[in-house]
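Down below is the structure, laid out as structure tokens.
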Amino acid sequence: MDTAPCKNSLLGILLVVIAMLAFSVMSGFVKAVSHTGLATQQVMFFQNIAALLILLPWILRQGKEVFIPGNKSLVFLRAILGISSMYLFFLAVRLAPLVNAVLLQNTAPLFIPLLALILFKKRIALKVIASMIIGFIGVMLVLNPGRGFLLHPGDIVALSAGFISAVVTIVIGRLEDKDESVATIMLYYLVITILVTGIWSIYAWKMPQGVQWLYLIAAGILYAIFQVLMILSLKYGTPIIISPFIYLGVVFSGLVDWIAWKQVPDHLTIIGAFVVVIGTVLSTLRFPQLRGHTT
């Protein structure tokens, strides 16, 4: 009787590890196709079409109710915020090393206590304040403003993506409180993203050629795998168990950077990444309502 939860937790951990590997490799393909001159919004357009085609059979199996959101304004808000966060992340991937982009985009748990205080007047416990301070010290080490007091634009963009991702997490939490289905949230996010980025791409449209198609299709498939596995991981393991393993994405991204672009993070970035992970994991443990990755 006591072994089932353990087995379920291990399965949840395995699923989130594979999900973060898929996300990191996807980010590598996004970086690769971005370097070929394709606009970021056009990359998002094709990636989300591929993801929707893959996820559509699963979404349709949820029944007709999936097409009728119970909370239209929140579902729409989640989609717009998700588009903003993903766009900034993809832009950061284009501008900064993959490790920095993935790490700083995953700082959402550091911002959530502050947002909870501002939006819901929730008091921040001293332990949470301590974890936030630890996390932000790590962020400053990664940003390394001592380099002539210049901040890398890609790092700032990635950190902005992390902040918006924190807002997305709060909106998703509100939707879950109102029993909105994951399939409905995902369907409207993908469809609205395709519409917005499709219209946005018109002025700078370039038909993908050759290897660009390969990168875009691979990114779409990996993004769909990531979304499905993250959903499944939270069925088998609690957010408290799952959340720390999300930061394996930083390690996987470092490997992708090293294999594809021969980029190795400096010592300050490695130390900062370690400190950020400690701070965000501690913050996550204090806020068990976090639902994993939000983009």
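Each chain in the structure tokens gets a letter, A, B and so on, in the order shown; residues start at 1 in every chain, and ligands are counted from 1 in the order they appear.
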
For Met230 of chain A, work out the shell of residues within 9 Å, counting only C-alpha atoms and skipping chain neighbours fewer than 3 positions away, then give it as a PyMOL selection string.
chain A and resi 12+15-16+19-20+225-227+233-235+292-293

Could you dump the residues just selected with C-alpha atoms as a PDB file, in the first residue's frame?
```pdb
ATOM      1  CA  GLY A  12       6.322  12.152 -12.022  1.00  0.00           C
ATOM      2  CA  LEU A  15       8.327  12.713 -16.719  1.00  0.00           C
ATOM      3  CA  VAL A  16       9.421  16.209 -15.660  1.00  0.00           C
ATOM      4  CA  ALA A  19       9.941  17.300 -20.274  1.00  0.00           C
ATOM      5  CA  MET A  20      12.794  19.654 -19.382  1.00  0.00           C
ATOM      6  CA  ILE A 225       5.991  16.776 -25.819  1.00  0.00           C
ATOM      7  CA  PHE A 226       7.061  19.238 -23.129  1.00  0.00           C
ATOM      8  CA  GLN A 227       3.484  20.416 -22.491  1.00  0.00           C
ATOM      9  CA  SER A 233       4.113  14.813 -14.269  1.00  0.00           C
ATOM     10  CA  LEU A 234       1.778  16.858 -12.055  1.00  0.00           C
ATOM     11  CA  LYS A 235      -0.724  13.978 -12.066  1.00  0.00           C
ATOM     12  CA  GLY A 292       5.399  23.880 -12.755  1.00  0.00           C
ATOM     13  CA  HIS A 293       6.344  25.532 -16.036  1.00  0.00           C
TER      14      HIS A 293
END
```

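Among the candidates A:Gln41, A:Val182, A:Gln209, A:Phe120, the one nearest to Leu232 of chain A when counting only C-alpha atoms is A:Val182.
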
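Relative to atom CA of Gly37 of chain A, atom CA of Pro265 of chain A is found at 25.0 Å.
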
Near segment 151-162 of chain A, within 7 Å and counting only C-alpha atoms, which residues show up once chain neighbours fewer than 5 positions away are dropped, as a list in words?
Ser85, Leu88, Phe89, Ala92, Leu95, Ala96, Asn100, Ala101, Leu104, Gln105, Asn106, Thr107, Ala108, Leu143 and Pro145 of chain A

Excluding Phe46 of chain A and residues on its chain fewer than 4 positions from it, collect all residues at most 12 Å away from it, counting only C-alpha atoms, and give them as an MDAnalysis selection string.
chainID A and resid 30 33 38:42 50:53 190:191 193:198 201 205:208 212:221 223

Could you write out that same residue set with N, CA and C atoms as an mmCIF file, in the first residue's frame?
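Final output, saved to out-v8.cif:
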```cif
data_model
loop_
_atom_site.group_PDB
_atom_site.id
_atom_site.type_symbol
_atom_site.label_atom_id
_atom_site.label_comp_id
_atom_site.auth_asym_id
_atom_site.auth_seq_id
_atom_site.Cartn_x
_atom_site.Cartn_y
_atom_site.Cartn_z
ATOM 1 N N VAL A 30 15.049 26.577 -31.526
ATOM 2 C CA VAL A 30 14.565 27.953 -31.671
ATOM 3 C C VAL A 30 15.745 28.898 -31.883
ATOM 4 N N VAL A 33 17.101 28.335 -35.511
ATOM 5 C CA VAL A 33 16.285 28.917 -36.583
ATOM 6 C C VAL A 33 16.278 30.438 -36.489
ATOM 7 N N LEU A 38 14.942 34.238 -39.430
ATOM 8 C CA LEU A 38 13.487 34.190 -39.312
ATOM 9 C C LEU A 38 13.057 34.991 -38.077
ATOM 10 N N ALA A 39 12.041 35.841 -38.227
ATOM 11 C CA ALA A 39 11.581 36.688 -37.125
ATOM 12 C C ALA A 39 11.042 35.842 -35.977
ATOM 13 N N THR A 40 11.216 36.336 -34.742
ATOM 14 C CA THR A 40 10.796 35.598 -33.556
ATOM 15 C C THR A 40 9.314 35.265 -33.591
ATOM 16 N N GLN A 41 8.471 36.231 -33.990
ATOM 17 C CA GLN A 41 7.028 35.978 -34.022
ATOM 18 C C GLN A 41 6.663 34.927 -35.063
ATOM 19 N N GLN A 42 7.443 34.849 -36.128
ATOM 20 C CA GLN A 42 7.164 33.830 -37.152
ATOM 21 C C GLN A 42 7.584 32.453 -36.658
ATOM 22 N N ALA A 50 2.465 23.556 -35.266
ATOM 23 C CA ALA A 50 2.915 22.167 -35.124
ATOM 24 C C ALA A 50 2.437 21.578 -33.801
ATOM 25 N N ALA A 51 2.550 22.360 -32.717
ATOM 26 C CA ALA A 51 2.132 21.874 -31.400
ATOM 27 C C ALA A 51 0.626 21.627 -31.356
ATOM 28 N N LEU A 52 -0.163 22.531 -31.974
ATOM 29 C CA LEU A 52 -1.621 22.364 -31.982
ATOM 30 C C LEU A 52 -2.034 21.107 -32.745
ATOM 31 N N LEU A 53 -1.398 20.858 -33.885
ATOM 32 C CA LEU A 53 -1.727 19.667 -34.671
ATOM 33 C C LEU A 53 -1.449 18.389 -33.879
ATOM 34 N N LEU A 190 -2.943 28.164 -27.573
ATOM 35 C CA LEU A 190 -2.342 27.842 -28.871
ATOM 36 C C LEU A 190 -3.033 28.584 -30.010
ATOM 37 N N VAL A 191 -4.365 28.588 -30.010
ATOM 38 C CA VAL A 191 -5.111 29.235 -31.102
ATOM 39 C C VAL A 191 -4.871 30.740 -31.108
ATOM 40 N N THR A 193 -2.340 32.333 -29.824
ATOM 41 C CA THR A 193 -0.942 32.565 -30.189
ATOM 42 C C THR A 193 -0.756 32.506 -31.699
ATOM 43 N N ILE A 194 -1.377 31.515 -32.333
ATOM 44 C CA ILE A 194 -1.264 31.375 -33.794
ATOM 45 C C ILE A 194 -1.866 32.595 -34.496
ATOM 46 N N LEU A 195 -3.028 33.051 -34.040
ATOM 47 C CA LEU A 195 -3.676 34.212 -34.654
ATOM 48 C C LEU A 195 -2.838 35.478 -34.478
ATOM 49 N N VAL A 196 -2.381 35.723 -33.249
ATOM 50 C CA VAL A 196 -1.628 36.945 -32.956
ATOM 51 C C VAL A 196 -0.294 36.966 -33.700
ATOM 52 N N THR A 197 0.460 35.868 -33.600
ATOM 53 C CA THR A 197 1.778 35.846 -34.249
ATOM 54 C C THR A 197 1.657 35.771 -35.762
ATOM 55 N N GLY A 198 0.560 35.161 -36.266
ATOM 56 C CA GLY A 198 0.343 35.122 -37.714
ATOM 57 C C GLY A 198 0.134 36.512 -38.284
ATOM 58 N N SER A 201 3.280 38.549 -38.080
ATOM 59 C CA SER A 201 4.338 38.138 -39.008
ATOM 60 C C SER A 201 4.170 38.692 -40.420
ATOM 61 N N TRP A 205 7.147 38.832 -43.295
ATOM 62 C CA TRP A 205 6.997 37.425 -43.670
ATOM 63 C C TRP A 205 8.132 36.936 -44.562
ATOM 64 N N LYS A 206 8.679 35.782 -44.178
ATOM 65 C CA LYS A 206 9.657 35.085 -45.002
ATOM 66 C C LYS A 206 9.273 33.617 -45.011
ATOM 67 N N MET A 207 9.074 33.060 -46.185
ATOM 68 C CA MET A 207 8.733 31.643 -46.256
ATOM 69 C C MET A 207 9.946 30.815 -45.842
ATOM 70 N N PRO A 208 9.788 29.947 -44.808
ATOM 71 C CA PRO A 208 10.912 29.115 -44.387
ATOM 72 C C PRO A 208 11.448 28.268 -45.542
ATOM 73 N N GLN A 212 15.312 25.337 -42.257
ATOM 74 C CA GLN A 212 14.432 26.095 -41.364
ATOM 75 C C GLN A 212 13.173 25.301 -41.032
ATOM 76 N N TRP A 213 12.621 24.602 -42.035
ATOM 77 C CA TRP A 213 11.445 23.772 -41.793
ATOM 78 C C TRP A 213 11.749 22.679 -40.765
ATOM 79 N N LEU A 214 12.911 22.088 -40.884
ATOM 80 C CA LEU A 214 13.313 21.030 -39.947
ATOM 81 C C LEU A 214 13.367 21.576 -38.522
ATOM 82 N N TYR A 215 13.998 22.745 -38.362
ATOM 83 C CA TYR A 215 14.100 23.356 -37.037
ATOM 84 C C TYR A 215 12.719 23.678 -36.465
ATOM 85 N N LEU A 216 11.849 24.254 -37.292
ATOM 86 C CA LEU A 216 10.520 24.658 -36.831
ATOM 87 C C LEU A 216 9.659 23.463 -36.446
ATOM 88 N N ILE A 217 9.673 22.426 -37.272
ATOM 89 C CA ILE A 217 8.876 21.222 -36.980
ATOM 90 C C ILE A 217 9.395 20.539 -35.719
ATOM 91 N N ALA A 218 10.726 20.447 -35.609
ATOM 92 C CA ALA A 218 11.321 19.826 -34.412
ATOM 93 C C ALA A 218 10.952 20.615 -33.162
ATOM 94 N N ALA A 219 11.012 21.950 -33.257
ATOM 95 C CA ALA A 219 10.665 22.795 -32.108
ATOM 96 C C ALA A 219 9.202 22.598 -31.721
ATOM 97 N N GLY A 220 8.314 22.499 -32.718
ATOM 98 C CA GLY A 220 6.890 22.290 -32.447
ATOM 99 C C GLY A 220 6.615 20.953 -31.788
ATOM 100 N N ILE A 221 7.247 19.890 -32.300
ATOM 101 C CA ILE A 221 7.062 18.555 -31.729
ATOM 102 C C ILE A 221 7.561 18.510 -30.285
ATOM 103 N N TYR A 223 7.935 21.014 -28.254
ATOM 104 C CA TYR A 223 7.102 21.866 -27.401
ATOM 105 C C TYR A 223 5.844 21.109 -26.977
#
```

What does the structure give for the distance between atom CA of Val281 of chain A and atom CA of Trp258 of chain A, in Å to one decimal?
25.5 Å

Among segment 158-240 of chain A, which residues carry a DSSP assignment of alpha helix (DSSP H), reported as a ChimeraX atom specification?
/A:158-177,182-201,211-236,239-240

With C-alpha atoms retained, could you export that selection as a PDB file, in the first residue's frame?
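Result went into again21.pdb, see below:
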```pdb
ATOM      1  CA  ALA A 158      14.905  36.705 -20.122  1.00  0.00           C
ATOM      2  CA  LEU A 159      14.351  38.106 -16.627  1.00  0.00           C
ATOM      3  CA  SER A 160      11.332  40.038 -17.951  1.00  0.00           C
ATOM      4  CA  ALA A 161      10.013  36.755 -19.366  1.00  0.00           C
ATOM      5  CA  GLY A 162      10.398  35.228 -15.914  1.00  0.00           C
ATOM      6  CA  PHE A 163       8.406  38.051 -14.318  1.00  0.00           C
ATOM      7  CA  ILE A 164       5.540  37.700 -16.806  1.00  0.00           C
ATOM      8  CA  SER A 165       5.685  33.923 -16.311  1.00  0.00           C
ATOM      9  CA  ALA A 166       5.050  34.544 -12.609  1.00  0.00           C
ATOM     10  CA  VAL A 167       1.909  36.504 -13.505  1.00  0.00           C
ATOM     11  CA  VAL A 168       0.856  33.635 -15.794  1.00  0.00           C
ATOM     12  CA  THR A 169       1.274  31.212 -12.883  1.00  0.00           C
ATOM     13  CA  ILE A 170      -1.045  33.307 -10.727  1.00  0.00           C
ATOM     14  CA  VAL A 171      -3.654  33.507 -13.520  1.00  0.00           C
ATOM     15  CA  ILE A 172      -3.456  29.722 -14.029  1.00  0.00           C
ATOM     16  CA  GLY A 173      -3.928  29.281 -10.282  1.00  0.00           C
ATOM     17  CA  ARG A 174      -7.090  31.387 -10.467  1.00  0.00           C
ATOM     18  CA  LEU A 175      -8.352  29.334 -13.425  1.00  0.00           C
ATOM     19  CA  GLU A 176      -7.706  26.091 -11.535  1.00  0.00           C
ATOM     20  CA  ASP A 177      -9.626  27.472  -8.543  1.00  0.00           C
ATOM     21  CA  VAL A 182      -6.211  22.228 -18.756  1.00  0.00           C
ATOM     22  CA  ALA A 183      -7.315  21.287 -22.285  1.00  0.00           C
ATOM     23  CA  THR A 184      -9.391  24.468 -22.628  1.00  0.00           C
ATOM     24  CA  ILE A 185      -6.552  26.660 -21.355  1.00  0.00           C
ATOM     25  CA  MET A 186      -4.094  24.981 -23.735  1.00  0.00           C
ATOM     26  CA  LEU A 187      -6.442  25.119 -26.752  1.00  0.00           C
ATOM     27  CA  TYR A 188      -7.141  28.826 -26.432  1.00  0.00           C
ATOM     28  CA  TYR A 189      -3.500  29.616 -25.704  1.00  0.00           C
ATOM     29  CA  LEU A 190      -2.342  27.842 -28.871  1.00  0.00           C
ATOM     30  CA  VAL A 191      -5.111  29.235 -31.102  1.00  0.00           C
ATOM     31  CA  ILE A 192      -4.732  32.820 -29.874  1.00  0.00           C
ATOM     32  CA  THR A 193      -0.942  32.565 -30.189  1.00  0.00           C
ATOM     33  CA  ILE A 194      -1.264  31.375 -33.794  1.00  0.00           C
ATOM     34  CA  LEU A 195      -3.676  34.212 -34.654  1.00  0.00           C
ATOM     35  CA  VAL A 196      -1.628  36.945 -32.956  1.00  0.00           C
ATOM     36  CA  THR A 197       1.778  35.846 -34.249  1.00  0.00           C
ATOM     37  CA  GLY A 198       0.343  35.122 -37.714  1.00  0.00           C
ATOM     38  CA  ILE A 199      -0.977  38.678 -38.066  1.00  0.00           C
ATOM     39  CA  TRP A 200       2.210  40.032 -36.475  1.00  0.00           C
ATOM     40  CA  SER A 201       4.338  38.138 -39.008  1.00  0.00           C
ATOM     41  CA  VAL A 211      16.665  23.391 -42.862  1.00  0.00           C
ATOM     42  CA  GLN A 212      14.432  26.095 -41.364  1.00  0.00           C
ATOM     43  CA  TRP A 213      11.445  23.772 -41.793  1.00  0.00           C
ATOM     44  CA  LEU A 214      13.313  21.030 -39.947  1.00  0.00           C
ATOM     45  CA  TYR A 215      14.100  23.356 -37.037  1.00  0.00           C
ATOM     46  CA  LEU A 216      10.520  24.658 -36.831  1.00  0.00           C
ATOM     47  CA  ILE A 217       8.876  21.222 -36.980  1.00  0.00           C
ATOM     48  CA  ALA A 218      11.321  19.826 -34.412  1.00  0.00           C
ATOM     49  CA  ALA A 219      10.665  22.795 -32.108  1.00  0.00           C
ATOM     50  CA  GLY A 220       6.890  22.290 -32.447  1.00  0.00           C
ATOM     51  CA  ILE A 221       7.062  18.555 -31.729  1.00  0.00           C
ATOM     52  CA  LEU A 222       9.325  19.070 -28.710  1.00  0.00           C
ATOM     53  CA  TYR A 223       7.102  21.866 -27.401  1.00  0.00           C
ATOM     54  CA  ALA A 224       4.052  19.564 -27.574  1.00  0.00           C
ATOM     55  CA  ILE A 225       5.991  16.776 -25.819  1.00  0.00           C
ATOM     56  CA  PHE A 226       7.061  19.238 -23.129  1.00  0.00           C
ATOM     57  CA  GLN A 227       3.484  20.416 -22.491  1.00  0.00           C
ATOM     58  CA  VAL A 228       2.028  16.891 -22.336  1.00  0.00           C
ATOM     59  CA  LEU A 229       4.755  15.547 -20.052  1.00  0.00           C
ATOM     60  CA  MET A 230       4.506  18.519 -17.691  1.00  0.00           C
ATOM     61  CA  ILE A 231       0.756  17.949 -17.370  1.00  0.00           C
ATOM     62  CA  LEU A 232       1.274  14.228 -16.751  1.00  0.00           C
ATOM     63  CA  SER A 233       4.113  14.813 -14.269  1.00  0.00           C
ATOM     64  CA  LEU A 234       1.778  16.858 -12.055  1.00  0.00           C
ATOM     65  CA  LYS A 235      -0.724  13.978 -12.066  1.00  0.00           C
ATOM     66  CA  TYR A 236       1.844  11.622 -10.585  1.00  0.00           C
ATOM     67  CA  PRO A 239       4.304  20.513  -7.338  1.00  0.00           C
ATOM     68  CA  ILE A 240       6.603  20.422  -4.294  1.00  0.00           C
TER      69      ILE A 240
END
```
